[in-house]
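What follows is the content of data16.tsv (TSV, C-alpha atoms).
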```
chain	number	residue	atom	x	y	z
A	86	MET	CA	150.70	171.99	68.93
A	87	GLU	CA	147.28	171.54	67.44
A	88	PRO	CA	144.23	171.14	69.74
A	89	PHE	CA	143.42	167.69	68.31
A	90	THR	CA	146.90	166.49	69.12
A	91	ILE	CA	146.58	167.83	72.65
A	92	VAL	CA	143.27	165.97	73.14
A	93	LEU	CA	144.80	162.75	71.90
A	94	SER	CA	147.71	163.19	74.25
A	95	VAL	CA	145.40	163.76	77.21
A	96	VAL	CA	143.23	160.76	76.34
A	97	GLY	CA	146.32	158.59	75.92
A	98	ALA	CA	147.67	159.77	79.26
A	99	VAL	CA	144.35	159.00	80.98
A	100	ILE	CA	144.20	155.53	79.43
A	101	ALA	CA	147.79	154.88	80.39
A	102	LEU	CA	147.01	155.99	83.95
A	103	PHE	CA	144.00	153.65	84.16
A	104	VAL	CA	146.07	150.75	82.81
A	105	PHE	CA	148.83	151.52	85.29
A	106	LEU	CA	146.39	151.72	88.22
A	107	TYR	CA	144.71	148.47	87.07
A	108	LEU	CA	148.00	146.60	86.90
A	109	PHE	CA	149.43	148.36	89.93
A	110	PRO	CA	146.55	148.74	92.44
A	111	VAL	CA	148.28	151.34	94.55
A	112	ASN	CA	145.07	152.21	96.41
A	113	LEU	CA	144.64	148.59	97.60
A	114	TRP	CA	148.32	148.43	98.57
A	115	PHE	CA	147.98	151.65	100.55
A	116	THR	CA	144.70	150.51	102.22
A	117	ALA	CA	146.30	147.19	103.26
A	118	TRP	CA	149.33	149.02	104.65
A	119	LEU	CA	147.16	151.38	106.69
A	120	SER	CA	145.06	148.45	108.02
A	121	GLY	CA	148.06	146.59	109.35
A	122	ALA	CA	147.90	143.83	106.73
A	123	PRO	CA	150.66	144.87	104.34
A	124	ILE	CA	150.87	143.20	100.92
A	125	SER	CA	153.62	144.03	98.47
A	126	LEU	CA	152.69	145.81	95.28
A	127	ILE	CA	154.41	143.10	93.22
A	128	THR	CA	152.17	140.48	94.85
A	129	LEU	CA	149.09	142.48	93.86
A	130	VAL	CA	150.36	142.76	90.28
A	131	LEU	CA	150.95	139.03	90.11
A	132	MET	CA	147.38	138.47	91.38
A	133	ARG	CA	146.13	140.52	88.42
A	134	LEU	CA	148.13	138.38	86.06
A	135	ARG	CA	146.79	135.18	87.66
A	136	LYS	CA	143.23	136.55	87.35
A	137	VAL	CA	142.73	136.70	91.09
A	138	PRO	CA	140.77	139.76	92.31
A	139	PRO	CA	143.23	141.72	94.48
A	140	ALA	CA	140.36	143.51	96.24
A	141	LEU	CA	138.95	140.18	97.44
A	142	VAL	CA	142.30	139.08	98.85
A	143	VAL	CA	143.05	142.46	100.45
A	144	ASN	CA	139.64	142.71	102.10
A	145	ALA	CA	139.94	139.13	103.41
A	146	MET	CA	143.41	139.91	104.74
A	147	ILE	CA	142.22	143.08	106.48
A	148	THR	CA	139.18	141.32	108.01
A	149	SER	CA	141.18	138.35	109.29
A	150	THR	CA	144.00	140.53	110.63
A	151	LYS	CA	141.58	142.78	112.52
A	152	ALA	CA	140.00	139.63	114.01
A	153	GLY	CA	143.39	138.41	115.20
A	154	LEU	CA	143.73	135.56	112.71
A	155	LYS	CA	147.03	134.73	111.08
A	156	ILE	CA	146.27	134.02	107.43
A	157	THR	CA	148.60	134.77	104.55
A	158	SER	CA	147.61	136.22	101.22
A	159	ASN	CA	149.00	133.13	99.53
A	160	ASP	CA	146.57	130.90	101.50
A	161	ILE	CA	143.62	133.05	100.48
A	162	GLU	CA	144.73	133.18	96.85
A	163	THR	CA	145.21	129.39	96.75
A	164	HIS	CA	141.73	128.78	98.14
A	165	TYR	CA	140.20	131.15	95.59
A	166	LEU	CA	141.97	129.43	92.71
A	167	ALA	CA	140.69	126.08	94.02
A	168	GLY	CA	137.13	127.34	93.63
A	169	GLY	CA	136.40	128.08	97.28
A	170	HIS	CA	134.31	130.80	98.90
A	171	VAL	CA	136.87	133.06	100.55
A	172	ASN	CA	134.50	135.39	102.38
A	173	ASN	CA	132.50	132.46	103.76
A	174	VAL	CA	135.63	130.82	105.12
A	175	ILE	CA	136.86	134.05	106.75
A	176	LYS	CA	133.48	134.63	108.41
A	177	ALA	CA	133.44	131.03	109.65
A	178	LEU	CA	136.94	131.33	111.11
A	179	ILE	CA	136.07	134.56	112.92
A	180	SER	CA	132.83	133.08	114.32
A	181	ALA	CA	134.63	129.92	115.45
A	182	ASP	CA	137.39	131.96	117.11
A	183	LYS	CA	134.90	134.10	119.01
A	184	ALA	CA	132.95	130.99	120.11
A	185	ASN	CA	136.13	129.12	121.17
A	186	ILE	CA	135.49	126.40	118.59
A	187	PRO	CA	138.71	124.76	117.34
A	188	LEU	CA	138.79	125.45	113.60
A	189	ASP	CA	141.90	126.22	111.57
A	190	PHE	CA	142.17	127.57	108.04
A	191	LYS	CA	143.06	124.19	106.53
A	192	LEU	CA	140.00	122.43	107.96
A	193	ALA	CA	137.72	125.34	107.08
A	194	THR	CA	138.86	125.33	103.45
A	195	ALA	CA	138.49	121.53	103.27
A	196	ILE	CA	134.90	121.79	104.52
A	197	ASP	CA	134.19	124.58	102.04
A	198	LEU	CA	135.67	122.69	99.10
A	199	ALA	CA	133.69	119.58	100.11
A	200	GLY	CA	130.51	121.49	99.25
A	201	ARG	CA	129.31	122.26	102.77
A	202	ASP	CA	128.53	125.73	104.10
A	203	VAL	CA	131.30	126.11	106.67
A	204	PHE	CA	129.82	129.32	108.10
A	205	ASP	CA	126.45	127.63	108.57
A	206	ALA	CA	128.22	124.69	110.22
A	207	VAL	CA	129.89	127.00	112.74
A	208	GLN	CA	126.55	128.69	113.42
A	209	LEU	CA	125.02	125.24	113.94
A	210	SER	CA	127.72	124.42	116.45
A	211	VAL	CA	126.89	127.56	118.40
A	212	ASN	CA	123.10	127.33	118.00
A	213	PRO	CA	121.92	123.66	117.94
A	214	ARG	CA	119.16	122.72	115.53
A	215	VAL	CA	115.99	120.76	116.30
A	216	ILE	CA	115.04	118.08	113.77
A	217	ASN	CA	111.50	116.68	113.84
A	218	THR	CA	111.26	113.04	112.86
A	219	PRO	CA	108.35	111.78	110.76
A	220	PRO	CA	105.81	109.51	112.50
A	221	VAL	CA	107.48	106.19	113.32
A	222	ALA	CA	105.15	103.16	113.72
A	223	ALA	CA	106.20	100.14	115.78
A	224	VAL	CA	104.43	97.19	117.42
A	225	ALA	CA	104.91	96.10	121.03
A	226	LYS	CA	104.95	92.44	122.04
A	227	ASP	CA	101.26	92.55	123.01
A	228	GLY	CA	100.38	93.35	119.38
A	229	ILE	CA	99.39	97.01	119.86
A	230	GLN	CA	100.82	99.49	117.38
A	231	LEU	CA	102.30	102.77	118.62
A	232	VAL	CA	103.08	105.80	116.44
A	233	ALA	CA	105.79	108.02	117.91
A	234	LYS	CA	107.20	111.40	116.92
A	235	ALA	CA	110.54	112.65	118.26
A	236	ARG	CA	112.50	115.89	118.31
A	237	VAL	CA	116.24	115.47	117.88
A	238	THR	CA	118.50	118.32	118.98
A	239	VAL	CA	121.80	118.24	117.09
A	240	ARG	CA	124.82	120.45	116.61
A	241	ALA	CA	127.47	120.30	113.93
A	242	ASN	CA	130.53	118.16	114.50
A	243	ILE	CA	133.22	120.25	112.81
A	244	ASN	CA	135.72	117.42	112.60
A	245	GLN	CA	133.19	115.12	110.87
A	246	LEU	CA	131.81	117.57	108.33
A	247	VAL	CA	134.11	116.21	105.63
A	248	GLY	CA	132.88	112.71	104.82
A	249	GLY	CA	130.25	112.61	107.58
A	250	ALA	CA	126.64	111.53	107.01
A	251	GLY	CA	123.84	114.09	106.96
A	252	GLU	CA	120.48	114.64	108.64
A	253	GLU	CA	118.81	111.81	106.71
A	254	THR	CA	121.09	109.29	108.41
A	255	ILE	CA	120.32	110.76	111.84
A	256	LEU	CA	116.56	110.49	111.20
A	257	ALA	CA	116.89	106.92	109.92
A	258	ARG	CA	118.91	105.81	112.93
A	259	VAL	CA	116.58	107.49	115.41
A	260	GLY	CA	113.60	105.83	113.72
A	261	GLU	CA	115.35	102.47	113.95
A	262	GLY	CA	116.01	103.03	117.66
A	263	ILE	CA	112.36	103.91	118.30
A	264	VAL	CA	111.17	100.77	116.51
A	265	THR	CA	113.63	98.60	118.47
A	266	THR	CA	112.64	100.09	121.84
A	267	ILE	CA	108.89	99.77	121.26
A	268	GLY	CA	109.26	96.30	119.78
A	269	SER	CA	111.20	95.06	122.82
A	270	ALA	CA	108.54	96.30	125.27
A	271	SER	CA	106.30	93.50	126.59
A	272	SER	CA	103.29	95.83	126.62
A	273	HIS	CA	102.44	99.09	124.93
A	274	LYS	CA	101.41	100.46	128.32
A	275	GLU	CA	105.03	100.37	129.45
A	276	VAL	CA	105.99	102.71	126.64
A	277	LEU	CA	103.06	105.04	127.29
A	278	GLU	CA	103.90	105.20	130.99
A	279	ASN	CA	107.63	105.84	130.43
A	280	PRO	CA	108.21	107.58	127.06
A	281	ASP	CA	111.66	108.70	128.27
A	282	ARG	CA	112.66	105.05	128.02
A	283	ILE	CA	112.84	105.49	124.25
A	284	SER	CA	115.12	108.53	124.60
A	285	LYS	CA	117.51	106.74	126.95
A	286	VAL	CA	117.78	103.65	124.77
A	287	VAL	CA	118.25	105.63	121.55
A	288	LEU	CA	120.86	107.95	123.07
A	289	GLY	CA	122.74	104.96	124.46
A	290	LYS	CA	123.20	103.50	120.98
A	291	GLY	CA	125.58	106.25	119.83
A	292	LEU	CA	123.59	107.01	116.70
A	293	ASP	CA	125.68	110.06	115.81
A	294	SER	CA	128.85	108.08	115.11
A	295	GLY	CA	130.15	108.67	111.60
A	296	THR	CA	127.80	111.61	111.02
A	297	ALA	CA	128.42	115.32	110.66
A	298	PHE	CA	126.32	116.01	113.76
A	299	GLU	CA	126.38	115.40	117.47
A	300	ILE	CA	123.09	114.43	119.08
A	301	LEU	CA	122.46	116.47	122.22
A	302	SER	CA	119.03	115.14	123.16
A	303	ILE	CA	116.12	113.11	121.86
A	304	ASP	CA	112.68	114.08	123.15
A	305	ILE	CA	109.49	112.16	122.44
A	306	ALA	CA	106.99	114.75	121.26
A	307	ASP	CA	103.93	112.52	120.85
A	308	ILE	CA	102.85	108.87	121.06
A	309	ASP	CA	99.57	107.70	119.58
A	310	ILE	CA	97.97	104.25	119.77
A	311	GLY	CA	97.48	102.72	116.35
A	312	GLU	CA	95.84	99.48	115.28
A	313	ASN	CA	95.71	96.18	117.13
A	314	ILE	CA	98.11	94.46	114.80
A	315	GLY	CA	98.17	91.26	116.87
A	316	ALA	CA	94.41	90.79	116.66
A	317	LYS	CA	94.43	91.65	112.98
A	318	LEU	CA	97.12	89.08	112.31
A	319	GLN	CA	95.19	86.46	114.29
A	320	ALA	CA	92.03	87.25	112.32
A	321	ASP	CA	93.94	86.98	109.06
A	322	GLN	CA	95.44	83.68	110.23
A	323	ALA	CA	91.99	82.36	111.19
A	324	GLU	CA	90.62	83.37	107.80
A	325	ALA	CA	93.52	81.64	106.09
A	326	ASP	CA	92.97	78.50	108.19
A	327	LEU	CA	89.27	78.57	107.27
A	328	LYS	CA	90.13	78.76	103.60
A	329	VAL	CA	92.51	75.82	103.98
A	330	ALA	CA	89.86	73.80	105.85
A	331	ASN	CA	87.26	74.59	103.17
A	332	ALA	CA	89.67	73.55	100.48
A	333	ARG	CA	90.39	70.26	102.23
A	334	ALA	CA	86.65	69.65	102.80
A	335	GLU	CA	85.99	70.35	99.13
A	336	GLU	CA	88.74	67.91	98.26
A	337	ARG	CA	87.18	65.21	100.46
A	338	ARG	CA	83.72	65.91	98.97
A	339	ALA	CA	85.10	65.58	95.46
A	340	MET	CA	86.74	62.28	96.42
A	341	ALA	CA	83.46	61.05	97.91
A	342	VAL	CA	81.56	62.01	94.76
A	343	ALA	CA	84.13	60.23	92.65
A	344	LEU	CA	83.90	57.14	94.86
A	345	GLU	CA	80.10	57.21	94.60
A	346	GLN	CA	80.29	57.41	90.83
A	347	GLU	CA	82.74	54.53	90.86
A	348	MET	CA	80.36	52.43	93.02
A	349	ARG	CA	77.47	53.21	90.72
A	350	ALA	CA	79.52	52.14	87.76
A	351	LYS	CA	80.39	48.89	89.53
A	352	ALA	CA	76.70	48.31	90.39
A	353	GLN	CA	75.71	48.87	86.76
A	354	ASP	CA	78.40	46.45	85.70
A	355	ALA	CA	77.11	43.88	88.21
A	356	ARG	CA	73.53	44.28	86.95
A	357	ALA	CA	74.73	43.80	83.39
A	358	ARG	CA	76.49	40.61	84.43
A	359	VAL	CA	73.31	39.38	86.21
A	360	ILE	CA	71.19	40.08	83.14
A	361	GLU	CA	73.77	38.36	81.02
A	362	ALA	CA	73.69	35.35	83.37
A	363	GLU	CA	69.88	35.30	83.39
A	364	ALA	CA	69.93	35.22	79.59
A	365	GLU	CA	71.90	31.98	79.79
A	366	VAL	CA	69.22	30.23	81.94
A	367	PRO	CA	66.78	29.39	79.09
A	368	LYS	CA	69.70	28.04	77.06
A	369	ALA	CA	70.80	25.87	79.96
A	370	MET	CA	67.26	24.60	80.46
A	371	ALA	CA	66.96	23.74	76.77
A	372	ASP	CA	70.24	21.88	76.92
A	373	ALA	CA	69.02	20.04	80.04
A	374	PHE	CA	65.79	18.99	78.23
A	375	LYS	CA	67.79	17.76	75.30
A	376	ALA	CA	70.19	15.85	77.49
A	377	GLY	CA	67.37	14.37	79.55
A	378	ASN	CA	68.61	15.86	82.79
A	379	MET	CA	65.36	17.73	83.33
A	380	GLY	CA	61.76	16.61	82.93
A	381	ILE	CA	58.55	18.42	82.27
A	382	MET	CA	57.46	18.07	85.90
A	383	ASP	CA	60.69	19.72	87.03
A	384	TYR	CA	59.97	22.61	84.76
A	385	TYR	CA	56.43	23.05	86.13
A	386	ARG	CA	57.67	22.94	89.72
A	387	MET	CA	60.17	25.63	88.90
A	388	GLN	CA	57.46	27.79	87.30
A	389	ASN	CA	55.20	27.31	90.37
A	390	MET	CA	58.05	28.40	92.66
A	391	LYS	CA	58.69	31.45	90.51
A	392	ALA	CA	55.00	32.43	90.53
A	393	ASP	CA	54.82	31.91	94.30
A	394	THR	CA	57.89	34.16	94.79
A	395	GLU	CA	56.44	36.93	92.63
A	396	MET	CA	53.14	36.74	94.53
A	397	ARG	CA	54.92	37.06	97.89
A	398	GLU	CA	56.91	40.05	96.64
A	399	SER	CA	53.72	41.77	95.37
A	400	ILE	CA	52.00	41.21	98.73
A	401	SER	CA	54.96	42.59	100.70
A	402	LYS	CA	54.98	45.87	98.73
A	403	PRO	CA	52.58	48.72	99.73
A	404	LYS	CA	50.34	50.51	97.32
A	405	GLY	CA	52.91	53.23	96.76
A	406	GLY	CA	55.33	50.62	95.42
A	407	GLU	CA	57.89	50.98	98.26
A	408	THR	CA	59.02	48.06	100.42
A	409	LYS	CA	58.02	48.19	104.05
A	410	LYS	CA	60.90	48.85	106.46
```

For this file, write the structure as C-alpha cells.
Amino acid sequence: MEPFTIVLSVVGAVIALFVFLYLFPVNLWFTAWLSGAPISLITLVLMRLRKVPPALVVNAMITSTKAGLKITSNDIETHYLAGGHVNNVIKALISADKANIPLDFKLATAIDLAGRDVFDAVQLSVNPRVINTPPVAAVAKDGIQLVAKARVTVRANINQLVGGAGEETILARVGEGIVTTIGSASSHKEVLENPDRISKVVLGKGLDSGTAFEILSIDIADIDIGENIGAKLQADQAEADLKVANARAEERRAMAVALEQEMRAKAQDARARVIEAEAEVPKAMADAFKAGNMGIMDYYRMQNMKADTEMRESISKPKGGETKK
C-alpha cells in the first residue's frame, strides 16, 4: 500500500471518528451516568439532530440532580427550544429550594419566558431591595406645602412576577398615598410631629396589590417645608379681584365720559335751538308792526328793558369776567 493511500485512510478514519463522536457524544453520556443523571445515548443523538446543545442539557441535569431537584431532560430541552435561559432557571430553582421559597420548574420557566430575570427575582425575595422615591410635594389644609422623601423596602412576589406591575407602579402609588395623607392633615405641624402617620396610612392602603413586589415597610426619610401655597393663592386671588375691580371702574368711567359727551351734545343742540328761536324774534316784531299789534312806544320800552338787563349783568360780573358766587 502506498504511503499516500495510508495517509488518506488515517485522515478518513480520524474524520469518521470525529463525526461519530459528534453525533454520538459518548463522553457526555458517560459523564451523566457517573453523575447520577443518566441520559440515553439515543436521546443525546436526537438532541444533536434537533440542534439542541447536549452539553447544556447534560450539565443542567447534573446540576439539578446534585441539588436534589427532579427535572427531566425533556423539560430542559423544551425550555431551550422555547428560547429560555436554561442555566438561569436552574440557578433560580436551586436558590429558591435552599431558601425554602415555593418555586417549581413550570413557574420558573414562565417567569423566564416572560422576560424577567427569574434568578434575580429569587435573590430579591431573599434580600429585599430599598427603593428611594423622588421628592413628593403635597399641601396640607392650612396651605403649607411639604416635600417628603420615602424609602420603600420591597421583595419580589414570585407568584405575581408574570403579569405583575413593576417598580414604577409602586413609586406612583406610594407618592399618591403621601399626597393623600398630607392633604388630609389639618395642619402641616401634625405631619412634622408624626411622620410615621404617612407610613401607616400608605401601608394600610395595600399598594402592592397587582404588582410583582411585596411592600415590607415604608420609611419617611426626609420632610421639608416648601412654599406657603395658601397665602400665594390668596395673593393671586386678591390680584385677580383688583384687576376685575379696575376693569369695572374703567367701564364705569367710560360710561360717564360717554354720558358727559351726550349731555354736551344735547346742550349744543339746545343752544342751537335758542339761537334759531332768537332769530325768529325780529321777524315776529316786524309782523307785529305790520299787523298793528305793536307800536313804536312798545318797541322803545322793550329796548330800554333790554339795555337795563345788560347793564345789571355787567355790574354783577367782576373784573375777571366771572360771576360772583

Rounded to one decimal in Å, what is the spacing between CA of Ala373 (chain A) and CA of Met387 (chain A)?
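Atom-to-atom, CA of Ala373 (chain A) to CA of Met387 (chain A), that is 13.7 Å.
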
Closest atom pairs, residues of region 298-355 of chain A within 12 Å of region 251-255 of chain A, all atoms listed in the file, as CSV:
```
residue,atom,partner,partner_atom,distance
A:Phe298,CA,A:Gly251,CA,7.5
A:Glu299,CA,A:Ile255,CA,9.5
A:Ile300,CA,A:Ile255,CA,8.6
A:Ile303,CA,A:Ile255,CA,11.1
```

Kindly give the distance, in Å, that separates CA of Asn212 (chain A) and CA of Ile308 (chain A), rounded to a single decimal.
27.6 Å

Shell around Ala222 (chain A) at 10 Å using only C-alpha atoms, local window under 6 positions removed, as a PyMOL selection string:
chain A and resi 230-234+260+263-264+267+308-311

State, in Å with one decimal place, the distance from CA of Arg258 (chain A) to CA of Glu312 (chain A).
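Interatomic distance, CA of Arg258 (chain A) to CA of Glu312 (chain A): 24.0 Å.
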
Please identify all polymer residues within 10 Å of Val211 (chain A), counting all atoms listed in the file, omitting same-chain residues fewer than 6 positions from it, and present them as an NGL selection string.
:A and (180-181 or 184-186 or 205 or 240-241)

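Distances here use all atoms listed in the file; by that measure, the residue among A:Val215, A:Ser271, A:Lys290, A:Ala193 closest to Asn244 (chain A) is A:Ala193.
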
9 Å contact set for Val247 (chain A), all atoms listed in the file, chain neighbours under 4 positions out, as a list of chain:residue names
A:Leu192, A:Ala195, A:Ile196, A:Ala199, A:Arg201, A:Ile243, A:Ala297

Considering all atoms listed in the file, state which residue in the set A:Val237, A:Tyr165, A:Val111, A:Lys191 is at the smallest distance from Val130 (chain A).
A:Val111
